[in-house]
Every structure is written in structure tokens, then in C-alpha cells.
Amino acid sequence: MENRDLCCSTQLIDGDGGFNVSGIENFMKEVKLGECGLSYAVVSIMGPQSSGKSTLLNHLFYTNFREMDAFKGRSQTTKGIWIARCAGIEPCTLVMDLEGTDGRERGEDDTAFEKQSALFALAVSDIVLINMWCHDIGREQAANKPLLKTVFQVMMRLFSPRKTTLMFVIRDKTRTPLENLEPVLREDIQKIWDSVPKPEAHKETPLSEFFNVEVVALNSFEEKEEQFKEQVASLRQRFFHSIAPGGLAGDRRGVVPASGFSFSGQQIWKVIKENKDLDLPAHKVMVATVRCEEIANEKYAAFAENEDWCQLEEAAQSGPISGFGKKLNSILDSSLSGYDAEAIYFDEGVRSAKRKQLQEKLLQLVHPAFQSVLGHIRSGTLDKFEEAFDKALDGGEGFSAASYNCAESCIAEFDEGCADVFIEQANWDTSKIREKLRRDIDAYIDSLRAAKLSELTALYEAKLKEALSGPVDALFDGANSDTWPAIRKLLRRESESAVSGFSAALSGFNMNEQTKEKMLASLEQYARGVVESKAREEAGRVLIHMKDRFTTLFSHDSDSIPRVWTGKEDIRAITKTARSASLKLLSVMVAIRLDDDDADNIENTLSVALVGSSSGAVKDKSITASDPLASSTWEQVPSSKTLITPVQCKSLWRQFKTETEYSVSQAISAQEANRRNNNWLPPPWAIVALAVLGFNEFMTLLRNPLYLGVIFVAFLLVKALWVQLDISGEFRHGALPGLLSLSTKFLPTVMNLIKKLAEEGTKSTTNNPQRNPASLNFQQSGVSGSDMPSTASSEVTSLDNGSEFSSSSKVE
């Protein structure tokens, strides 16, 4: 009895049939029943009231159930059902002490509660002790027969009864040996079993299918206490390892796991109280459902509050986590393993279903973190791809090769990242994220390809524009019959060069031939467009070019030296040549001729219509009757290639002639003025007449040299005045303007000459004071005439126009 302190007991069902829920829960926590799994046994005892049931249990299992006080008389000591843990017996053994049957305290209610408690004991117990008096064996109306009938009747209410061990404990054994008592008892038990009404399914079912029957005899506790204790101690040993094969409950069935014992007991008692048939398989599933769900909820709550998971979830929001899958798998495995450990003894189907639900709930909880980490991996991989791709392109690697190598490398890196976050329990498909990454990579490649192709196209277009614009300008400036052939040759050469380079550059982009040919054709078209644009631009300035060409040819000779209209030039021929050249330029600029088969007769048409008609070269009335330029289109030239329409050519030529006629008239005027300036001498006949008629005067001059000196001095003075007054220049613009100009300049010029002569005379007198005045006068009068006039002429002719005009302005 020294181990009774280790025992704890509580009332499971009170005398009114109320189930002590809180009491059994506390009892299970105190004895740690939930940790036992299936390794526990339940023993209950039935028997008449005051038959020594509690005494037997206390001595057999070291419990502390309340015992009857013999000195107070026989009365009810155990009300309802009490439960306790057996001290010192392994595995964990629970013993239930049932209220005695046939008690006077309950009266008519005895039978109802007796059946309810018996059914409850059979439903939850592995071993049922039936306490009976030895002297009742073999009696027809003994108290044990109603009890056995009750046990067998309620057994039929179980839908699929568990196999229970019935141990008959014969109390107060007499001298009759047990070997003689046991056959009689078994015969009585069989008779009772045969007499009990059974369902149709169990009409022929033997007793052994439901019960293992054991018989034990004990001496009287009051008369032979020592022998009683020895027999009880021997019986106690049989309860050690009772659930092991060969033990008292070795072939038990349908055991509820220990953690569900409380809930199972509640539900069984509830069904019994409602007087329903007890379906143990369904009850087992129901208990498993409730308990597994409770366990699953506990594990889910524990997982949600797990510190490692919380840290992992928080870290998943900020970026990728190394070993995410391994860490999360560990936490999930721990949670699911805990569930498996606690729910292992429950119904397999229910256990698996609840485990699956728990796993699904846990995966739903972790899925956002998983998606977040996967998203970080995807975005990080995309950033790495963009960086690696740009670096590869900057390093000179081909676009196609760089895009393929970088994409495959990054996809492989993403796959490694997916493997790192792989969750074994979920086996989530990452192909959609992978496809999104692939689409993002392809989109970036496409955008960069478009940018690179655009950049490459712009580069070659710029090269073409630079290579064509200047030369085409130069060719149009010197437009002639070879202009368009030269432009076609230039366009072909530069286009082929650009297309060749562009084609080589495009080879690195791994594009299909159709797209490549389209881009090359577009580049060729661009080159053609540059020339056409330049042609249209120059056509818009054709009048300026025509006037420039006319001016160049009209105002310069074949050596590009400016013409001086001396009167010997054929202005008509020069004008015709210059206009023909301008007309040639116009005919070149009229239409675009970039194709080898572009043949037209525009030049002949313009020549006939503009030059021929004006010069009278075309005299055929059938031709002159109709104007070939009275049209908006050219024959054999489509409108898309027309730069200047026939009507516009006619208008331009009219304007050109109007604006160049002034230059022609100026040349004619200059030629006539030059001719007049060169013809100031009298005619030869007049000269001969003067010589004949002035012979006498000439001879007079020869006879008197003084006259010659005076004439010479006068000539010098007149020559000086001629030079100073620039008489020929003044009369160049007409007689009247010349006379008016000379009238204003004559007097100041004469006064200036006189002043100069006076200053020279004064300077000579000062430099040679010993010379007499007569000598000076002589020199002035002509004695030394050869020196003086020469000096005076030099002084007069050396006067610049500025001094002249300055003096003139002063006089005015």
C-alpha cells in the first residue's frame, strides 16, 4: 500500500448520470494520459452492492477508492463511476469502480443505471472484473445471473463490440477447489449467453467471439486477510503488460488513443444516456475526427506563432533568402511530425484526411512568402540578365549569341533559385513564374533589339546621307547631260557599300531572311529618298541656279576671267550660250531619273518651246500651233518623279529671261560706251584737211621755236586738267551729266594747279637765293622748258582723286 500516494482518482460520472468533463480533463493532465498513445489499459469492476469491489481494487491496484465501513452496516459507498490510475503497473492502467448493482438506494432506477454503466464499461474497458460470491455459484436466482444477463444484453447493443476480457473474481472461496467451481461457473455463463436474445447476425455467434473468460478465486478478506493479500498480489502480476500479446487484454480491438479518451468517454456516455445503439466503429471515426482536428488546429496555431517561421516570413518580404526551402521544409516537417506523433493511433483514414487538411492550411499560410521569395528571385535574375546582357554587348559580343548565352545562364540560375526554395510538401509548380521570367527576358531582348536595330539603321542612314548629300549637291550645281548618270552611279555605289555593311551588322541579330531583306530594302529606299529629297530641294531653287549659271557664263570668259565689254564681243552669241546652259540645267532638274530606263525628251521639248520659238528656229506651223508646255505632266514621266511641271517650266523661263535681260542690256550699254570712248579722234579725212590747210601755220611754228614752247606748256596744262578732271570718265555716262560735273570741278582744279605752281616757285627761290629772278622767269618762260614742264606734269598727274574731290568740296 506504500504506492497509494502515487494514485489519483476522480469521479467520472456522478450518481445523477452527469459526466465530469473538467474532472476527467484534469485527471488526464495529472496522470499524463495523453502521452501514452495506445499503450494503456482500462479495467472496470462490476458486482453487487457491498460485495467488496472497492476493497479489491484498492488492494489489487493500490488505489484509494472509498470502502464500506462494516461497523456501520451495509450501504452504498460508490455512487456513479469513479476512475483512478493504478500505481506501479505498466503500461498505464486506468481502473473504474462502478456503482454496485441491486442496491436499495436507487430502487426502481437501479436497472436503468445498471445497464447504462455496464454498457459504458464494456465500451471503454479492456478488462472487466465481475465480483461475485462463491456461494452464489450454481444458484438459479443468485445475484450474479441478473448482472451477467445485463452484461450480455448490453453487449448486443454494440454495433461492432470490442473483444473484452471478463474476469470472474470469486470472493470468499470455500474449501471447494477452484477446479470444481470453474466448470460450473462457465456452464452457468454459457446458459446465460444462450438465453440472451441476439440479433439475427449473431444468432450463432459463440461467446468467445465477444469475450475472453477468466476465473479467479480469492479467500475471505475478513477471515483470511493474509491469504487474501497474497492471492491479490499474485493476481496483480497478471496486470503487468496486460496489452502485450498473451496478456489479459492481448487481443483487444478498436482501442481509442489515450489523448481521445476523455472525448470518447463523453460521446459514449451521451449516446448511452440518449438510449441509442452504440456504433463503436462510427464512434471511433467520430472521436478520431474530433481529436485529429484538435491536434491539427494546435499544430497550425503553433506553426503560425513559431519564431523561426515569423522571422522567415518577415525576411521574405524584403528579398531572396538563401536556403528558404530547406528552412521552411524543416519547420513544416516538425509541425507535421508532431501531428503524426499525436494522431498516430487514431483511425488511419481520418488521420490522413486531417493531416492533409493541416498540410493544406500550412501551405496556404506559407504560400505568400513562397511567392514573395520566388518573385524576388525572378526580379533579381532579370536584373542580372539585363546587366550581363548589356555588358556582353558592350564587350563586342554578337547580339544573338549574347542574348542566348545570357538568357540560358540566367534561366539556369533561376532554376537553381527555385530548387533552393522548393517545398517538398507542396511541390508547387514554378513553371508559370519561370515562363513570366522568360517573357520578361524576351521582352527586354526584343526592346533592346529594336533599339539596337534602330540605332544601327540610324547610323547607316546618317552615313548614307553624309555620303550622298554633298556629292549630289555638287552634281546638281554643275548640272549637265551626265548629271543623272553620275548620280545613279554614286547612289548605286554608296547603297551597295552601306547595304553590305548593314547586312554584316545584322548577321549578329539572328533574324529571318525575310525581315533582313526588308530592312536592307528599306535602307536602299532611304538612300534613294535622300537623293530624291535633295533633288526636290534643288528643284525648288532652280531659278537661282539658272541665274547663277547664266551670270557665270555671261560675265566670264572660258578662262573664268571677268569679261570687259570692249566692243569686240558677240553679246548675242554669249547670251544664247548662257541661256542654253541655263535651259540645260532646268531640263536636268525637271524630273527624277534614278532608274536606268528613265528616258525622256524633256530637253528637246524645252529647247523647242523656250529657245527655238523665241529665236525663230522652229518654223513648222504644226508645231508652233500647239504649246507643248501647256500641261501639268510630262510624257513618259510619272507624277511621282516630276519635280517641275511643264507649266512651271514656262513660268520659270519667263521669269528667268526677265531677270537676266538687265545684265544683257548693261553689257550692250557698256560696249557702246567703250566704243564711243575709243573713237574721240577726228576722221582721217579731217586730219588730212587740217594738214593741208594748216601747212603755213605749221611752217611758222618751225621757224619760231618759241611758239613751240608755248604750245608745249599749254599742252601740259591741258593734259594736267584732263587728268585731274577725268573728262573721259565724266562723259562716259552722257554729255549733259559730264558738262554739269565739269562745271563744278573746273574752277577749283585750275585754282589748285595755280597754287601748286606758286608753291613750287617759292620753294625754288628759297632753295637757290642767289639765282636772279630773270633766270627763274626764263625757266618759267621756256628757256629751261624741258625740266619745268616735266616736273609740273608729274605734279599734276600725281594728284589723286581724293585730293581733287577734297579740294572740290572745299571750294563748293
# chains A, B, ... in the order shown; residues from 1 in each chain; ligands from 1

$ select_by_dssp --residues "range 576-764 of chain A" --states "alpha helix (DSSP H)" --output "NGL selection string"
:A and (576-589 or 602-606 or 613-615 or 621-624 or 646-678 or 684-693 or 695-703 or 705-725 or 727-730 or 735-764)

$ closest_residue --among "A:Ala474, A:Ile89, A:Val710, A:Leu166" --to "Gln237 in chain A" --atoms "only C-alpha atoms"
A:Ile89

$ atom_distance --atom1 "CA of Met46 in chain A" --atom2 "CA of Glu200 in chain A"
28.2 Å

$ residues_around --residues "Lys576 in chain A" --least-positions-apart "2" --cutoff "12 Å" --atoms "only C-alpha atoms" --output "VMD selection string"
chain A and resid 550 553 to 554 570 to 574 578 to 583 607 610 to 612 614 to 615 657 660 to 661 664

$ closest_residue --among "A:Met96, A:Val216, A:Val530, A:Leu585" --to "Asn64 in chain A" --atoms "only C-alpha atoms"
A:Met96

$ atom_distance --atom1 "CA of Pro91 in chain A" --atom2 "CA of Tyr40 in chain A"
5.4 Å

$ residues_around --residues "Gly52 in chain A" --least-positions-apart "3" --cutoff "10 Å" --atoms "only C-alpha atoms" --output "VMD selection string"
chain A and resid 47 to 49 55 to 57 67 to 68 100 131 to 133 171 221

$ residues_around --residues "Lys354 in chain A" --least-positions-apart "4" --cutoff "10 Å" --atoms "only C-alpha atoms" --output "ChimeraX atom specification"
/A:288-297,339,343,348-350,358-360
